[in-house]
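To start, the structure itself, in structure tokens.
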Amino acid sequence: MGLLQFLHKIEPDKKKSPFLHTLFDGFFTFAYAPNTVTKSGTHIKDGMDLKRTMFMVVIALQLAYLFGTYNIGHQHFSALGMHESFLSGFHLKITYGLMKLLPLFIVSNVVGLGIEFIYAAKKGHPIEEGYLVSGALIPLIMPPDLPLWILALSIIFAVIVGKEAFGGTGMNIMNIALLSRVFIFFAYPTYISGDEVWVSGIIKEGTEYMGASYGMIHGVFDWVFSSFGWSTFGEGGMAVADGYTGATPLGLAAKGGWEAVTEVYSPAQMWWGAIPGSIGEMPKLFILAGALLLIITKIASWRIMLSMVLGAAVGGMLINAWGANPFMEVHWLYHFYMGSFFFAMAFMATDPVTAARTEIGKWIYGFLIGIVGMVIRVLNPAYPEGWMLAILFMNVFAPLIDYYVLEANVARRLARVKAKPDTAMEAEPQLSVSEH
Amino acid sequence: MLLLDSFINIFLKAAFFENMVLAYFLGMCSFLAVSKSVKTAFGLGLAVIFVLGFTMPINWLITTYLLSDTGIFGMDLTFLRFILFIAVIASMVQLVEMVIEKFSPSLYNSLGIFLPLITVNCAILGGSLFMVAREYNFSESVAFGLGGGFGWFLAILALAAIREKIRYSAIPAPLRGLGMAFIITGLMGVAFMSLMGIDPSALAGAK
């Protein structure tokens, strides 16, 4: 008996037990692409259905996940002045990173998918798995030490208010992952901004930084590691390395321009990503590889990515030309080294649901994100980084951009008809029907 | 140059950094009621820009030359401020109404009661009162009026486009219509917080 027959045999009855059936359906469509046609909601007329499209994005994120996990540990130990070269203490760093990342990932998915599941069962439609991508993105854009209850709260807010209120997957106006981050950003700002939160396991007592003491699980791993004769975590509570501040490149740049950044981080280090920050935003090359995968599979729009780079470059040049303070004098090229530009470009701005949907609209949308993001990053003293807010800002205007692109299209085609009334009318008989 | 600088600063500040609707939540009634379609929202938005742009300098003249104790009556008449402001706004709205009825009857009909209700649109009276409280001069009050109007116009256009887009979404029945408009307005407010806190005059001063 094959797996397919087995699955059909255990399928629960939809009428008698709707909850069980929703659960079954969710896993069944994961294993097999169904041969039935979607009757409601968004769908793609292709073997690449919603689930497989979503999953491609998750695959594109894997390199960022690997690096991010390791980097949590690497940042922790280099702040303590131990295992300073990138690969030394490998087992400690990866264990430490996993212990931070796994809870975030599990909470994110359990809470988010749980809400989707409840809604799907209540409303009687299959699970819309829009949360697969959000659930993979959300841990990557959080600081490693974020308390789990704040994460859960932000996801509840984002999924219910941002998505389910709008009718579920594919109908939201704003990016769910960014909405959950912006919720934390405004509701619990001390957990997600400033210099203290980006390196894991460092606490501040008075004005002195020191390492937090390790817990039970670290002790268990220490026992395992010592039986192999490897280095161990130890007790914790060590002093930090000399000159440690925990500041991110952007935090330094805001204070003293590019010179202040390069005193602490080298450009190569920033490019490869061994710097403190949100978990997944750093390894520029790995993120670009993910972006390439999304472009090749035609899931993300290269127009948005390209126009966003152009917008950021133009915005950076304009700000350079103004040059009123050291931060504004940071060369526009160097801005790409710092912060989360590439992550936002590859995975956030290109979200096909919340971005502009017309081709011309995508150019405008991406370009304006670039400009607005640069303005927020450099000119707004309240926020260290601009892309999250810039993308949400343009999410609001994306439907308006689309509306006017369509209007212009209708007007252009009407003008064409008026120019050649006889022939064109026959060729395009439905011109008076508006397209939206 | 300095005049132009402060003009642009105040325009940008009123339009984006401290948007009338999305930062102060002024002018909500017509913002929520007339945002069902982009076309009518466009018309109402233009009317608000016009009314704000004209009433603000007129009200500035009234405050400075009639009501203040250095004005022509030589005594402090600020208790008349509200009634005079409303009178100016009402007559300006009447003017707009007549113009729209003459040139675009269809827009006039689709705006309905909300066109004369611009009179009591709190964004407009609020704008005039902000102007007094912040002690703007004449050109600044023009900039503030036009900027505030433009910000309102942009916000209602964006809301209308979103509401047109979600018209066919599977929104839970109790939230359809106004409920969604409230939620979207709140989310738009979050998005507009991105620009809040930029102080263009401080940046120019740093040079």
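Lettering and numbering for the structure tokens are positional, with chains as A, B, ... in the shown order, residues counted from 1 in each chain, and ligands counted from 1 in the shown order.
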So that I can check the surroundings of Leu66 in chain B, please list as a PyMOL selection string every protein, DNA and RNA residue that reaches within 10 Å of it, counting only C-alpha atoms and ignoring chain neighbours fewer than 3 positions away. chain B and resi 59-63+69-78+80-81
Can you check which parts of chain A lie within 7 Å of chain B? Per residue, the shortest pair of atoms and distance in Å to one decimal, counting only C-alpha atoms, sorted by chain and number, as a Markdown table.
| residue | atom | partner | partner_atom | distance |
| --- | --- | --- | --- | --- |
| A:Ala165 | CA | B:Ile171 | CA | 6.1 |
| A:Phe166 | CA | B:Ile171 | CA | 5.1 |
| A:Gly167 | CA | B:Ile171 | CA | 4.2 |
| A:Met171 | CA | B:Ser169 | CA | 6.3 |
| A:Ala324 | CA | B:Lys207 | CA | 4.7 |
| A:Asn325 | CA | B:Ala206 | CA | 6.7 |
| A:Ile376 | CA | B:Leu195 | CA | 6.4 |
| A:Leu379 | CA | B:Ile198 | CA | 6.3 |
| A:Asn380 | CA | B:Ile198 | CA | 4.6 |
| A:Pro381 | CA | B:Ile198 | CA | 6.7 |
| A:Ala382 | CA | B:Gly197 | CA | 6.1 |
| A:Leu389 | CA | B:Ser194 | CA | 5.2 |
| A:Ala390 | CA | B:Ser194 | CA | 6.9 |
| A:Leu392 | CA | B:Ala191 | CA | 5.4 |
| A:Phe393 | CA | B:Ala191 | CA | 4.7 |
| A:Val396 | CA | B:Met188 | CA | 6.4 |
| A:Phe397 | CA | B:Ala158 | CA | 5.6 |
| A:Pro399 | CA | B:Ala161 | CA | 5.4 |
| A:Leu400 | CA | B:Ala161 | CA | 5.0 |
| A:Tyr403 | CA | B:Ala161 | CA | 6.8 |
Which one is closest to Asn19 in chain B: B:Ile113, B:Leu84, B:Leu125, B:Ile156? Count only C-alpha atoms. B:Ile156
Could you name the residues that touch range 202-209 of chain A at 8 Å or less, counting only C-alpha atoms, but leaving out those on the same chain fewer than 4 positions away, as a short mmCIF file (atom, residue, chain, number, x, y, z; two decimals) with all heavy atoms, in the first residue's frame?
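Below is the file around_16.cif, written as the result:
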data_model
loop_
_atom_site.label_atom_id
_atom_site.label_comp_id
_atom_site.auth_asym_id
_atom_site.auth_seq_id
_atom_site.Cartn_x
_atom_site.Cartn_y
_atom_site.Cartn_z
N HIS A 76 28.58 36.27 20.66
CA HIS A 76 28.61 36.11 22.11
C HIS A 76 30.04 35.89 22.60
O HIS A 76 30.51 36.55 23.52
CB HIS A 76 27.72 34.93 22.49
CG HIS A 76 27.81 34.55 23.93
ND1 HIS A 76 27.25 35.31 24.93
CD2 HIS A 76 28.41 33.49 24.53
CE1 HIS A 76 27.50 34.74 26.09
NE2 HIS A 76 28.19 33.64 25.89
N GLU A 196 22.46 47.54 23.35
CA GLU A 196 22.64 46.42 24.27
C GLU A 196 22.06 45.10 23.78
O GLU A 196 22.41 44.05 24.28
CB GLU A 196 22.00 46.76 25.62
CG GLU A 196 22.93 47.54 26.52
CD GLU A 196 22.59 49.01 26.51
OE1 GLU A 196 21.45 49.34 26.78
OE2 GLU A 196 23.48 49.82 26.21
N ALA A 239 34.06 38.63 32.38
CA ALA A 239 34.12 40.03 31.96
C ALA A 239 34.19 40.10 30.44
O ALA A 239 34.65 39.15 29.79
CB ALA A 239 35.35 40.71 32.57
N VAL A 240 33.72 41.20 29.88
CA VAL A 240 33.77 41.33 28.42
C VAL A 240 35.16 41.76 27.99
O VAL A 240 35.98 42.20 28.80
CB VAL A 240 32.74 42.35 27.91
CG1 VAL A 240 31.34 41.85 28.17
CG2 VAL A 240 32.96 43.70 28.55
#
Write out as a PyMOL selection string which residues come within 12 Å of range 55-60 of chain A when counting only C-alpha atoms, dropping same-chain ones fewer than 4 positions away. chain A and resi 30+48-51+64-66+129-138+140+286-300+343+346-348+350-352
Can you write just those residues out, N, CA and C atoms, as a tab-separated table (two decimals), in the first residue's frame?
chain	number	residue	atom	x	y	z
A	30	PHE	N	0.84	19.06	2.05
A	30	PHE	CA	2.28	19.23	2.16
A	30	PHE	C	3.01	18.10	1.45
A	48	MET	N	3.36	24.76	-9.33
A	48	MET	CA	3.89	25.49	-8.18
A	48	MET	C	2.70	26.09	-7.44
A	49	ASP	N	2.05	25.33	-6.57
A	49	ASP	CA	0.93	25.94	-5.87
A	49	ASP	C	1.45	26.80	-4.72
A	50	LEU	N	0.51	27.32	-3.94
A	50	LEU	CA	0.88	28.28	-2.90
A	50	LEU	C	1.91	27.69	-1.94
A	51	LYS	N	1.67	26.42	-1.56
A	51	LYS	CA	2.54	25.80	-0.58
A	51	LYS	C	3.97	25.68	-1.10
A	64	ALA	N	20.95	31.99	5.24
A	64	ALA	CA	20.89	33.03	6.26
A	64	ALA	C	20.65	32.40	7.63
A	65	TYR	N	19.84	31.34	7.66
A	65	TYR	CA	19.58	30.65	8.92
A	65	TYR	C	20.85	30.05	9.49
A	66	LEU	N	21.58	29.32	8.63
A	66	LEU	CA	22.81	28.67	9.09
A	66	LEU	C	23.78	29.70	9.65
A	129	GLU	N	-1.51	28.36	4.91
A	129	GLU	CA	-0.05	28.31	5.02
A	129	GLU	C	0.68	29.58	4.58
A	130	GLY	N	0.00	30.73	4.60
A	130	GLY	CA	0.72	31.97	4.33
A	130	GLY	C	1.75	32.20	5.40
A	131	TYR	N	1.54	31.56	6.55
A	131	TYR	CA	2.44	31.81	7.65
A	131	TYR	C	3.78	31.10	7.50
A	132	LEU	N	3.86	30.13	6.58
A	132	LEU	CA	5.15	29.42	6.41
A	132	LEU	C	6.29	30.40	6.20
A	133	VAL	N	6.09	31.37	5.30
A	133	VAL	CA	7.16	32.31	5.01
A	133	VAL	C	7.34	33.28	6.18
A	134	SER	N	6.21	33.84	6.66
A	134	SER	CA	6.33	34.77	7.79
A	134	SER	C	7.02	34.09	8.97
A	135	GLY	N	6.63	32.83	9.22
A	135	GLY	CA	7.20	32.11	10.34
A	135	GLY	C	8.68	31.87	10.19
A	136	ALA	N	9.15	31.77	8.94
A	136	ALA	CA	10.58	31.60	8.73
A	136	ALA	C	11.29	32.94	8.77
A	137	LEU	N	10.58	34.01	8.36
A	137	LEU	CA	11.24	35.32	8.33
A	137	LEU	C	11.34	35.95	9.72
A	138	ILE	N	10.28	35.76	10.51
A	138	ILE	CA	10.20	36.51	11.77
A	138	ILE	C	11.39	36.24	12.70
A	140	LEU	N	14.35	35.59	11.96
A	140	LEU	CA	15.57	36.18	11.40
A	140	LEU	C	15.65	37.68	11.61
A	286	PHE	N	25.24	35.54	1.20
A	286	PHE	CA	24.29	34.43	1.31
A	286	PHE	C	22.87	34.92	1.01
A	287	ILE	N	22.57	36.14	1.44
A	287	ILE	CA	21.25	36.69	1.18
A	287	ILE	C	21.08	36.93	-0.31
A	288	LEU	N	22.15	37.43	-0.94
A	288	LEU	CA	22.06	37.65	-2.39
A	288	LEU	C	21.89	36.32	-3.12
A	289	ALA	N	22.51	35.25	-2.60
A	289	ALA	CA	22.31	33.94	-3.23
A	289	ALA	C	20.84	33.54	-3.12
A	290	GLY	N	20.24	33.77	-1.95
A	290	GLY	CA	18.82	33.50	-1.80
A	290	GLY	C	17.98	34.33	-2.74
A	291	ALA	N	18.36	35.60	-2.89
A	291	ALA	CA	17.63	36.48	-3.81
A	291	ALA	C	17.71	35.96	-5.23
A	292	LEU	N	18.90	35.45	-5.59
A	292	LEU	CA	19.07	34.91	-6.95
A	292	LEU	C	18.16	33.72	-7.17
A	293	LEU	N	18.06	32.85	-6.17
A	293	LEU	CA	17.16	31.70	-6.27
A	293	LEU	C	15.72	32.16	-6.50
A	294	LEU	N	15.32	33.19	-5.77
A	294	LEU	CA	13.95	33.69	-5.90
A	294	LEU	C	13.72	34.32	-7.27
A	295	ILE	N	14.76	34.96	-7.81
A	295	ILE	CA	14.60	35.57	-9.13
A	295	ILE	C	14.51	34.48	-10.20
A	296	ILE	N	15.38	33.45	-10.07
A	296	ILE	CA	15.38	32.37	-11.07
A	296	ILE	C	14.05	31.65	-11.06
A	297	THR	N	13.50	31.38	-9.89
A	297	THR	CA	12.21	30.69	-9.82
A	297	THR	C	11.04	31.64	-10.05
A	298	LYS	N	11.34	32.90	-10.32
A	298	LYS	CA	10.33	33.93	-10.61
A	298	LYS	C	9.33	34.10	-9.48
A	299	ILE	N	9.78	33.91	-8.25
A	299	ILE	CA	8.89	34.14	-7.12
A	299	ILE	C	8.98	35.59	-6.69
A	300	ALA	N	10.18	36.12	-6.66
A	300	ALA	CA	10.36	37.53	-6.30
A	300	ALA	C	10.60	38.32	-7.58
A	343	PHE	N	18.69	42.16	3.01
A	343	PHE	CA	17.64	41.27	3.52
A	343	PHE	C	16.26	41.85	3.23
A	346	ALA	N	15.60	41.55	-0.58
A	346	ALA	CA	15.35	40.23	-1.15
A	346	ALA	C	14.07	39.61	-0.62
A	347	PHE	N	13.79	39.77	0.66
A	347	PHE	CA	12.70	38.98	1.25
A	347	PHE	C	11.51	39.80	1.72
A	348	MET	N	11.69	41.08	1.97
A	348	MET	CA	10.59	41.86	2.52
A	348	MET	C	9.88	42.67	1.45
A	350	THR	N	9.89	42.34	-1.71
A	350	THR	CA	9.38	41.60	-2.86
A	350	THR	C	8.17	40.74	-2.53
A	351	ASP	N	7.71	40.76	-1.29
A	351	ASP	CA	6.51	40.02	-0.93
A	351	ASP	C	5.41	40.31	-1.96
A	352	PRO	N	5.00	39.30	-2.75
A	352	PRO	CA	4.10	39.59	-3.87
A	352	PRO	C	2.72	40.05	-3.43
